[in-house]
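J.: Coordinates in final-v4.tsv, TSV, C-alpha atoms, are listed below.
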```tsv
chain	number	residue	atom	x	y	z
A	7	MET	CA	6.55	80.04	30.80
A	8	SER	CA	5.68	81.25	34.31
A	9	LEU	CA	1.96	81.27	33.50
A	10	PHE	CA	0.12	78.77	31.34
A	11	LYS	CA	-3.41	77.54	30.84
A	12	ARG	CA	-4.74	74.07	31.46
A	13	GLY	CA	-8.27	74.07	30.15
A	14	LYS	CA	-9.73	77.36	31.31
A	15	THR	CA	-7.65	77.60	34.49
A	16	TRP	CA	-4.32	79.41	34.80
A	17	TRP	CA	-1.36	77.53	36.26
A	18	ILE	CA	1.92	78.77	37.75
A	19	SER	CA	5.37	77.33	37.13
A	20	PHE	CA	8.76	78.77	38.15
A	21	THR	CA	12.02	77.84	39.83
A	22	THR	CA	12.98	79.40	43.17
A	23	PRO	CA	16.47	80.84	43.87
A	24	SER	CA	17.26	77.59	45.75
A	25	GLY	CA	16.47	75.52	42.65
A	26	GLU	CA	13.10	74.21	43.87
A	27	ARG	CA	10.43	73.82	41.19
A	28	VAL	CA	7.09	75.42	42.04
A	29	ARG	CA	4.13	74.24	39.99
A	30	CYS	CA	0.55	74.78	41.12
A	31	SER	CA	-2.87	75.92	40.01
A	32	ALA	CA	-3.77	79.58	40.37
A	33	ALA	CA	-7.39	78.37	40.68
A	34	THR	CA	-8.70	81.19	38.53
A	35	GLU	CA	-9.63	81.86	34.92
A	36	ASP	CA	-8.56	85.50	35.26
A	37	LYS	CA	-5.00	86.10	34.02
A	38	THR	CA	-4.53	89.24	36.14
A	39	GLN	CA	-5.42	87.38	39.34
A	40	ALA	CA	-3.14	84.51	38.31
A	41	GLN	CA	-0.25	86.94	37.68
A	42	GLU	CA	-0.74	88.54	41.09
A	43	PHE	CA	-0.67	85.16	42.78
A	44	HIS	CA	2.43	84.19	40.79
A	45	ASN	CA	4.24	87.37	41.83
A	46	LYS	CA	3.33	86.77	45.46
A	47	LEU	CA	4.68	83.22	45.44
A	48	LYS	CA	7.87	84.26	43.68
A	49	ALA	CA	8.52	87.12	46.12
A	50	GLU	CA	7.98	84.81	49.09
A	51	SER	CA	10.43	82.24	47.69
A	52	TRP	CA	13.08	84.98	47.42
A	53	TRP	CA	12.61	86.02	51.05
A	54	VAL	CA	12.90	82.40	52.16
A	55	VAL	CA	16.28	81.91	50.43
A	56	LYS	CA	17.84	85.32	51.00
A	57	LEU	CA	16.66	86.06	54.54
A	58	GLY	CA	15.93	82.60	55.88
A	59	ASP	CA	12.26	83.32	56.52
A	60	LYS	CA	9.88	80.41	56.83
A	61	PRO	CA	7.65	80.34	53.73
A	62	LYS	CA	4.12	81.60	54.18
A	63	ARG	CA	1.92	79.04	52.51
A	64	THR	CA	-1.40	79.81	50.88
A	65	TRP	CA	-4.69	77.99	50.73
A	66	ASN	CA	-4.14	77.36	47.00
A	67	GLU	CA	-0.92	75.47	47.70
A	68	ALA	CA	-2.45	73.42	50.50
A	69	ALA	CA	-5.63	72.55	48.58
A	70	TYR	CA	-3.69	71.51	45.49
A	71	LYS	CA	-1.22	69.39	47.46
A	72	TRP	CA	-4.03	67.71	49.40
A	73	LEU	CA	-5.94	66.89	46.21
A	74	MET	CA	-2.81	65.38	44.66
A	75	GLU	CA	-2.15	63.26	47.74
A	76	THR	CA	-5.73	62.00	47.94
A	77	GLU	CA	-6.27	61.10	44.28
A	78	HIS	CA	-6.83	57.47	45.32
A	79	LYS	CA	-10.01	58.30	47.25
A	80	ALA	CA	-13.26	57.07	45.76
A	81	SER	CA	-14.73	60.50	46.55
A	82	HIS	CA	-11.94	62.42	44.73
A	83	LYS	CA	-14.30	63.99	42.19
A	84	GLN	CA	-16.55	65.20	44.99
A	85	ASP	CA	-13.52	66.56	46.86
A	86	MET	CA	-12.49	68.53	43.77
A	87	LYS	CA	-16.00	69.94	43.46
A	88	GLN	CA	-15.98	71.07	47.09
A	89	VAL	CA	-12.52	72.65	46.84
A	90	ALA	CA	-13.58	74.51	43.68
A	91	TRP	CA	-16.53	76.03	45.57
A	92	ILE	CA	-14.36	76.94	48.58
A	93	GLN	CA	-11.87	78.71	46.30
A	94	GLN	CA	-14.12	81.75	45.93
A	95	PHE	CA	-13.52	82.53	49.61
A	96	PHE	CA	-9.95	81.35	50.21
A	97	ARG	CA	-8.21	81.92	46.87
A	98	GLY	CA	-4.71	83.30	47.45
A	99	ARG	CA	-5.15	83.70	51.20
A	100	LEU	CA	-2.43	82.69	53.63
A	101	LEU	CA	-3.18	79.67	55.78
A	102	SER	CA	-2.47	81.80	58.83
A	103	GLU	CA	-5.42	84.02	57.86
A	104	LEU	CA	-7.91	81.16	57.93
A	105	THR	CA	-9.19	81.50	61.48
A	106	ARG	CA	-12.16	79.63	62.93
A	107	GLU	CA	-14.27	82.76	62.45
A	108	VAL	CA	-13.38	83.03	58.75
A	109	ILE	CA	-14.11	79.33	58.21
A	110	ALA	CA	-17.39	79.55	60.14
A	111	GLU	CA	-18.56	82.32	57.77
A	112	VAL	CA	-17.94	80.05	54.77
A	113	GLY	CA	-19.82	77.24	56.46
A	114	GLU	CA	-22.76	79.54	57.09
A	115	VAL	CA	-22.94	80.48	53.41
A	116	LYS	CA	-23.13	76.81	52.41
A	117	ARG	CA	-25.65	76.03	55.18
A	118	LYS	CA	-28.00	78.74	53.89
A	119	GLU	CA	-27.59	77.44	50.33
A	120	THR	CA	-28.26	73.81	51.16
A	121	SER	CA	-28.46	72.15	54.59
A	122	PRO	CA	-26.43	71.62	57.79
A	123	SER	CA	-25.46	68.15	56.57
A	124	THR	CA	-24.06	69.41	53.25
A	125	ALA	CA	-22.31	72.32	54.96
A	126	ASN	CA	-20.62	69.83	57.28
A	127	HIS	CA	-19.16	67.98	54.29
A	128	TYR	CA	-17.51	71.19	53.07
A	129	LEU	CA	-16.28	72.10	56.54
A	130	ALA	CA	-14.85	68.60	56.94
A	131	THR	CA	-12.86	69.06	53.71
A	132	ILE	CA	-11.43	72.35	54.97
A	133	ARG	CA	-10.56	70.69	58.26
A	134	ALA	CA	-8.83	67.77	56.53
A	135	ILE	CA	-6.65	70.09	54.45
A	136	LEU	CA	-5.65	72.30	57.38
A	137	ARG	CA	-4.94	69.34	59.65
A	138	ARG	CA	-2.60	67.86	57.08
A	139	ALA	CA	-0.93	71.25	56.62
A	140	ALA	CA	-0.28	71.36	60.36
A	141	LEU	CA	0.48	67.74	61.27
A	142	GLU	CA	2.19	66.36	58.17
A	143	TRP	CA	3.60	69.26	56.16
A	144	GLU	CA	4.28	71.54	59.15
A	145	TRP	CA	3.20	74.57	57.15
A	146	ILE	CA	1.26	76.00	60.10
A	147	GLU	CA	1.68	75.59	63.83
A	148	LYS	CA	-1.84	74.45	64.53
A	149	ALA	CA	-5.03	73.84	62.59
A	150	PRO	CA	-7.96	75.99	63.78
A	151	PHE	CA	-10.86	74.31	65.55
A	152	ILE	CA	-13.81	73.88	63.20
A	153	ARG	CA	-17.24	73.39	64.73
A	154	LEU	CA	-19.70	71.36	62.68
A	155	TYR	CA	-23.45	71.94	62.63
A	156	LYS	CA	-25.83	69.76	64.55
A	157	GLU	CA	-27.77	67.64	62.11
A	158	PRO	CA	-31.40	66.70	62.71
A	159	LYS	CA	-31.89	63.08	63.61
A	160	ARG	CA	-33.73	61.19	60.94
A	161	ARG	CA	-34.96	57.66	60.44
A	162	ARG	CA	-32.75	56.01	57.86
A	163	TRP	CA	-34.59	52.75	57.24
A	164	ILE	CA	-38.13	51.63	56.47
A	165	GLU	CA	-40.33	48.70	57.45
A	166	PRO	CA	-41.07	45.76	55.11
A	167	GLU	CA	-44.69	46.93	54.76
A	168	GLN	CA	-43.47	50.33	53.54
A	169	VAL	CA	-41.20	48.64	51.02
A	170	LYS	CA	-44.16	46.69	49.63
A	171	VAL	CA	-46.07	49.94	49.07
A	172	LEU	CA	-43.03	51.59	47.49
A	173	LEU	CA	-42.42	48.68	45.10
A	174	ASN	CA	-46.02	48.92	43.88
A	175	GLU	CA	-45.48	52.59	43.02
A	176	LEU	CA	-42.17	52.19	41.17
A	177	PRO	CA	-41.65	51.49	37.44
A	178	GLU	CA	-40.38	47.98	36.73
A	179	HIS	CA	-36.73	48.89	36.10
A	180	LEU	CA	-36.51	50.63	39.48
A	181	VAL	CA	-38.34	47.78	41.22
A	182	ASP	CA	-35.50	45.42	40.28
A	183	LEU	CA	-32.85	47.90	41.46
A	184	VAL	CA	-34.57	48.51	44.80
A	185	ALA	CA	-35.14	44.80	45.44
A	186	PHE	CA	-31.53	43.99	44.52
A	187	SER	CA	-30.31	46.73	46.86
A	188	LEU	CA	-32.31	45.26	49.73
A	189	CYS	CA	-30.98	41.77	48.94
A	190	THR	CA	-27.31	42.74	48.84
A	191	GLY	CA	-26.79	46.00	50.75
A	192	LEU	CA	-24.59	47.28	47.92
A	193	ARG	CA	-24.08	50.97	47.27
A	194	LYS	CA	-25.97	52.66	44.46
A	195	ARG	CA	-23.01	52.99	42.09
A	196	ASN	CA	-21.91	49.40	42.69
A	197	ILE	CA	-25.33	48.22	41.54
A	198	THR	CA	-25.85	50.53	38.55
A	199	ASP	CA	-22.31	49.79	37.30
A	200	LEU	CA	-22.57	46.04	37.87
A	201	GLU	CA	-21.54	44.01	34.81
A	202	TRP	CA	-22.17	40.41	33.82
A	203	SER	CA	-18.44	39.76	34.15
A	204	GLN	CA	-18.84	40.38	37.89
A	205	VAL	CA	-21.54	37.75	38.41
A	206	ASP	CA	-21.49	33.96	38.57
A	207	LEU	CA	-25.07	32.68	38.52
A	208	GLN	CA	-23.92	29.08	38.90
A	209	ARG	CA	-22.15	29.74	42.19
A	210	ASN	CA	-24.63	32.45	43.31
A	211	VAL	CA	-21.96	35.09	43.84
A	212	ALA	CA	-21.02	38.54	42.63
A	213	TRP	CA	-18.00	40.68	43.36
A	214	ILE	CA	-17.11	44.36	43.41
A	215	HIS	CA	-13.59	45.18	42.26
A	216	ALA	CA	-11.33	47.09	44.63
A	217	ASP	CA	-11.25	50.19	42.42
A	218	GLN	CA	-15.07	50.29	42.49
A	219	ALA	CA	-15.40	50.01	46.28
A	220	LYS	CA	-15.40	53.01	48.59
A	221	GLY	CA	-12.88	51.34	50.91
A	222	ARG	CA	-10.70	50.32	47.94
A	223	LYS	CA	-11.01	46.66	48.91
A	224	SER	CA	-12.78	44.07	46.78
A	225	ILE	CA	-16.18	42.90	48.04
A	226	HIS	CA	-17.57	39.36	47.77
A	227	VAL	CA	-21.35	39.21	47.58
A	228	SER	CA	-23.31	36.01	48.17
A	229	LEU	CA	-26.58	36.14	46.25
A	230	ASN	CA	-29.80	34.74	47.69
A	231	ALA	CA	-32.59	33.25	45.60
A	232	THR	CA	-34.38	36.58	45.19
A	233	ALA	CA	-31.23	38.32	43.95
A	234	ILE	CA	-30.58	35.49	41.49
A	235	GLU	CA	-34.12	35.72	40.11
A	236	ILE	CA	-33.73	39.48	39.65
A	237	LEU	CA	-30.49	38.94	37.72
A	238	GLN	CA	-32.02	36.24	35.54
A	239	LYS	CA	-34.72	38.72	34.49
A	240	GLN	CA	-32.00	40.97	33.06
A	241	ILE	CA	-30.37	38.34	30.83
A	242	GLY	CA	-30.24	39.40	27.18
A	243	LYS	CA	-31.03	43.07	27.78
A	244	HIS	CA	-27.44	44.33	27.44
A	245	PRO	CA	-24.12	42.63	26.57
A	246	ALA	CA	-22.16	44.20	29.44
A	247	ARG	CA	-24.26	46.01	32.02
A	248	ILE	CA	-26.93	44.26	34.06
A	249	PHE	CA	-29.47	46.93	34.94
A	250	THR	CA	-30.85	48.86	31.99
A	251	TYR	CA	-33.77	51.00	30.89
A	252	ARG	CA	-34.96	50.80	27.30
A	253	GLY	CA	-31.76	49.05	26.29
A	254	LYS	CA	-29.38	51.56	27.85
A	255	PRO	CA	-27.43	51.20	31.12
A	256	ILE	CA	-28.98	52.95	34.12
A	257	ASN	CA	-26.68	55.60	35.57
A	258	GLN	CA	-29.08	57.74	37.57
A	259	VAL	CA	-31.63	56.49	40.10
A	260	ASN	CA	-32.53	59.69	41.94
A	261	THR	CA	-35.09	60.50	39.27
A	262	LYS	CA	-38.55	62.02	39.22
A	263	ALA	CA	-39.99	58.50	39.06
A	264	TRP	CA	-38.18	57.58	42.31
A	265	ARG	CA	-39.18	60.78	44.12
A	266	ARG	CA	-42.80	60.61	42.97
A	267	ALA	CA	-43.04	56.96	44.02
A	268	LEU	CA	-41.78	57.87	47.50
A	269	LYS	CA	-44.37	60.63	47.72
A	270	ARG	CA	-47.23	58.36	46.64
A	271	ALA	CA	-46.03	55.73	49.12
A	272	GLY	CA	-46.07	58.31	51.91
A	273	ILE	CA	-42.35	57.89	52.67
A	274	GLU	CA	-40.58	61.10	53.65
A	275	ASN	CA	-36.91	62.02	54.18
A	276	PHE	CA	-35.71	58.84	52.53
A	277	ARG	CA	-32.71	58.66	50.17
A	278	TRP	CA	-31.63	55.86	47.84
A	279	HIS	CA	-28.63	55.23	50.11
A	280	ASP	CA	-31.10	54.54	52.93
A	281	LEU	CA	-31.94	51.26	51.20
A	282	ARG	CA	-28.50	50.16	52.37
A	283	HIS	CA	-29.35	51.25	55.91
A	284	THR	CA	-32.64	49.34	55.62
A	285	TRP	CA	-30.75	46.19	54.57
A	286	ALA	CA	-28.43	46.53	57.58
A	287	SER	CA	-31.32	47.25	59.98
A	288	TRP	CA	-33.27	44.21	58.82
A	289	LEU	CA	-30.21	42.00	59.30
A	290	THR	CA	-29.66	43.38	62.78
A	291	GLN	CA	-33.29	42.67	63.65
A	292	LYS	CA	-32.71	39.09	62.54
A	293	GLY	CA	-29.90	38.83	65.08
A	294	VAL	CA	-26.91	39.29	62.75
A	295	PRO	CA	-24.08	41.03	64.70
A	296	LEU	CA	-23.10	44.54	63.55
A	297	ASN	CA	-19.53	43.50	62.83
A	298	VAL	CA	-20.84	40.87	60.40
A	299	ASN	CA	-23.28	42.95	58.36
A	300	LYS	CA	-20.88	45.79	57.56
A	301	GLN	CA	-20.11	44.18	54.22
A	302	PRO	CA	-22.61	42.38	51.98
A	303	ARG	CA	-22.22	38.66	52.58
A	304	GLY	CA	-23.98	35.55	53.80
A	305	LYS	CA	-25.24	32.27	52.42
A	306	THR	CA	-28.04	31.86	49.95
A	307	THR	CA	-31.13	30.55	51.69
A	308	GLY	CA	-33.71	28.27	50.21
A	309	ASN	CA	-35.40	28.22	46.82
A	310	HIS	CA	-37.59	31.24	47.46
A	311	LYS	CA	-39.79	32.27	44.53
A	312	PHE	CA	-39.97	36.02	44.10
A	313	LYS	CA	-43.72	36.64	44.45
A	314	ARG	CA	-45.15	40.08	43.99
A	315	TRP	CA	-43.95	41.97	47.04
A	316	GLY	CA	-44.42	39.12	49.49
A	317	LEU	CA	-40.83	40.01	50.40
A	318	GLY	CA	-40.40	36.45	51.63
A	319	ASN	CA	-39.14	37.18	55.14
A	320	GLN	CA	-37.69	40.51	54.05
A	321	LEU	CA	-36.20	39.29	50.74
A	322	ARG	CA	-34.56	36.38	52.62
A	323	TRP	CA	-30.87	36.01	53.35
```
Rewrite the coordinates I just gave you, this time as structure tokens.

T.:
Amino acid sequence: MSLFKRGKTWWISFTTPSGERVRCSAATEDKTQAQEFHNKLKAESWWVVKLGDKPKRTWNEAAYKWLMETEHKASHKQDMKQVAWIQQFFRGRLLSELTREVIAEVGEVKRKETSPSTANHYLATIRAILRRAALEWEWIEKAPFIRLYKEPKRRRWIEPEQVKVLLNELPEHLVDLVAFSLCTGLRKRNITDLEWSQVDLQRNVAWIHADQAKGRKSIHVSLNATAIEILQKQIGKHPARIFTYRGKPINQVNTKAWRRALKRAGIENFRWHDLRHTWASWLTQKGVPLNVNKQPRGKTTGNHKFKRWGLGNQLRW
């Protein structure tokens, strides 16, 4: 069939006069819109074969092809979410119609909805798709210039004294997560998804598998005494996952408890990911070169006992 549904979305499938198979998402739940898009693609394929015209590619084709080619990215789900939002503006439009002015209007809509930073993420996705369409697929002569918004400068790390105040305001299960983040510099998801099979308490090491890492490369993590003590506190709480709350694995940390603790601690404009920046900043202040502290590593130091928020030389490395 030329039109078929996958979930709630209509898809297109047909064979061109030259024998090429065309299969792509219509990116709509409306059958009439899907049929119109199908007819447009089919007519264009006829002109290409019969008259030798260069095919006029659409945003739908480019977005779908880009998503298929970037499935390996750790941020693929986020990319799909962004493309789905962009579809309301670009659905069925020719790539040649997507000028810098048209794209800027879409960016402005997202900026008003959220923030300059978030809008820049969406604009960057549009830019990535159009650049590939121009440079790799040669579907368009040149990708339009896309200007990103200026983002306000913000402090992305906090002092040890601020961490002490924050830890006193947090519930116990978040205290362990925050302290472990500051000991290892691991990303949020790498910590919440950490399993006992990824830890060796005898050798004081942990590891993140390649398919769990943003860079798709495995990460070796040397655990200091504080990190080891935090892990030992979790023994027996769950057979697989390390960090839990009331017997269930923790999946979300950006909770009301986290936000309220930040407010009570007087810490503003601080995200969970900024714990990673704090870890890196503290290492830099200790004289560790930037090219060394990009990945969590280092030797365990001493037999530090984890006292209540003494932080032991910033959770010692």

J.: If we count only C-alpha atoms and set the cut-off at 12 Å, which residues sit around A:Glu114, ignoring sequence neighbours fewer than 3 positions away in its own chain? Please answer as a short mmCIF file (atom, residue, chain, number, x, y, z; two decimals) with C-alpha atoms, keeping the file's coordinate frame.

T.:
```cif
data_model
loop_
_atom_site.label_atom_id
_atom_site.label_comp_id
_atom_site.auth_asym_id
_atom_site.auth_seq_id
_atom_site.Cartn_x
_atom_site.Cartn_y
_atom_site.Cartn_z
CA GLU A 107 -14.27 82.76 62.45
CA VAL A 108 -13.38 83.03 58.75
CA ILE A 109 -14.11 79.33 58.21
CA ALA A 110 -17.39 79.55 60.14
CA GLU A 111 -18.56 82.32 57.77
CA ARG A 117 -25.65 76.03 55.18
CA LYS A 118 -28.00 78.74 53.89
CA GLU A 119 -27.59 77.44 50.33
CA THR A 120 -28.26 73.81 51.16
CA SER A 121 -28.46 72.15 54.59
CA PRO A 122 -26.43 71.62 57.79
CA SER A 123 -25.46 68.15 56.57
CA THR A 124 -24.06 69.41 53.25
CA ALA A 125 -22.31 72.32 54.96
CA ASN A 126 -20.62 69.83 57.28
CA TYR A 128 -17.51 71.19 53.07
CA LEU A 129 -16.28 72.10 56.54
CA ARG A 153 -17.24 73.39 64.73
CA LEU A 154 -19.70 71.36 62.68
CA TYR A 155 -23.45 71.94 62.63
#
```

J.: Just checking: using all atoms listed in the file, which residue out of A:Ile236, A:Ile248, A:Ala134, A:Val28 ends up closest to A:Val181?

T.: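 Nearest candidate to A:Val181 out of A:Ile236, A:Ile248, A:Ala134, A:Val28: A:Ile236.
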
J.: Considering all atoms listed in the file, can you say which of A:Cys189, A:Leu104, A:Ile273, A:Leu180 comes closest to A:Pro150?

T.: A:Leu104

J.: In Å, with one decimal, what is the gap from atom CA of A:Ala69 to atom CA of A:Lys83?

T.: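 If I compute the distance from atom CA of A:Ala69 to atom CA of A:Lys83, I get 13.8 Å.
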
J.: Name all residues at most 10 Å from A:Ile164 (count all atoms listed in the file; drop same-chain ones fewer than 2 positions away) and give them as an mmCIF file with C-alpha atoms, in the frame of the given file.

T.:
```cif
data_model
loop_
_atom_site.group_PDB
_atom_site.id
_atom_site.type_symbol
_atom_site.label_atom_id
_atom_site.label_comp_id
_atom_site.auth_asym_id
_atom_site.auth_seq_id
_atom_site.Cartn_x
_atom_site.Cartn_y
_atom_site.Cartn_z
ATOM 1 C CA ARG A 161 -34.960 57.660 60.440
ATOM 2 C CA ARG A 162 -32.750 56.010 57.860
ATOM 3 C CA PRO A 166 -41.070 45.760 55.110
ATOM 4 C CA GLU A 167 -44.690 46.930 54.760
ATOM 5 C CA GLN A 168 -43.470 50.330 53.540
ATOM 6 C CA VAL A 169 -41.200 48.640 51.020
ATOM 7 C CA ILE A 273 -42.350 57.890 52.670
ATOM 8 C CA PHE A 276 -35.710 58.840 52.530
ATOM 9 C CA ASP A 280 -31.100 54.540 52.930
ATOM 10 C CA LEU A 281 -31.940 51.260 51.200
ATOM 11 C CA HIS A 283 -29.350 51.250 55.910
ATOM 12 C CA THR A 284 -32.640 49.340 55.620
ATOM 13 C CA TRP A 285 -30.750 46.190 54.570
ATOM 14 C CA SER A 287 -31.320 47.250 59.980
ATOM 15 C CA TRP A 288 -33.270 44.210 58.820
#
```

J.: For A:Gln208, which of A:Glu67, A:Ile234, A:Val184, A:Arg222 is the closest residue, counting only C-alpha atoms?

T.: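 Once distances to A:Gln208 are computed over only C-alpha atoms, the minimum belongs to A:Ile234.
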
J.: Pick out the residues sitting within 12 Å of A:Ile92, and hand them over as a tab-separated table (two decimals) with C-alpha atoms, in the frame of the given file; count all atoms listed in the file, and ignore anything fewer than 3 positions along from it in its own chain.

T.:
```tsv
chain	number	residue	atom	x	y	z
A	33	ALA	CA	-7.39	78.37	40.68
A	65	TRP	CA	-4.69	77.99	50.73
A	66	ASN	CA	-4.14	77.36	47.00
A	69	ALA	CA	-5.63	72.55	48.58
A	85	ASP	CA	-13.52	66.56	46.86
A	86	MET	CA	-12.49	68.53	43.77
A	87	LYS	CA	-16.00	69.94	43.46
A	88	GLN	CA	-15.98	71.07	47.09
A	89	VAL	CA	-12.52	72.65	46.84
A	95	PHE	CA	-13.52	82.53	49.61
A	96	PHE	CA	-9.95	81.35	50.21
A	97	ARG	CA	-8.21	81.92	46.87
A	98	GLY	CA	-4.71	83.30	47.45
A	99	ARG	CA	-5.15	83.70	51.20
A	108	VAL	CA	-13.38	83.03	58.75
A	109	ILE	CA	-14.11	79.33	58.21
A	111	GLU	CA	-18.56	82.32	57.77
A	112	VAL	CA	-17.94	80.05	54.77
A	113	GLY	CA	-19.82	77.24	56.46
A	115	VAL	CA	-22.94	80.48	53.41
A	116	LYS	CA	-23.13	76.81	52.41
A	125	ALA	CA	-22.31	72.32	54.96
A	127	HIS	CA	-19.16	67.98	54.29
A	128	TYR	CA	-17.51	71.19	53.07
A	129	LEU	CA	-16.28	72.10	56.54
A	130	ALA	CA	-14.85	68.60	56.94
A	131	THR	CA	-12.86	69.06	53.71
A	132	ILE	CA	-11.43	72.35	54.97
A	135	ILE	CA	-6.65	70.09	54.45
```

J.: Which polymer residues have any atom within 10 Å of an atom of A:Ser224, counting all atoms listed in the file, with same-chain residues fewer than 4 positions away left out, as a PyMOL selection string?

T.: chain A and resi 213-220

J.: Counting all atoms listed in the file, which of A:Ala185, A:Val211, A:Leu101, A:Ile256 gets nearest to A:Lys170?

T.: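 Checking each of A:Ala185, A:Val211, A:Leu101, A:Ile256 against A:Lys170, counting all atoms listed in the file, the winner is A:Ala185.
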
J.: Which residues come within 12 Å of A:Ser8, counting all atoms listed in the file, excluding same-chain residues fewer than 5 positions away, as a PyMOL selection string?

T.: chain A and resi 16-22+27-32+37+40-45+47-48

J.: Quick check, in Å to one decimal: how far apart do atom CA of A:Asn260 and atom CA of A:Gln84 lie?

T.: 17.2 Å

J.: For each of A:Ala149, A:Leu188, A:Ile241, A:Ala80, take the minimum atom-to-atom distance to A:Ala286, counting all atoms listed in the file, then give the residue where this is smallest.

T.: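 Nearest candidate to A:Ala286 out of A:Ala149, A:Leu188, A:Ile241, A:Ala80: A:Leu188.
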
J.: To one decimal in Å, tell me the separation between atom CA of A:Trp278 and atom CA of A:Glu77.

T.: 26.1 Å
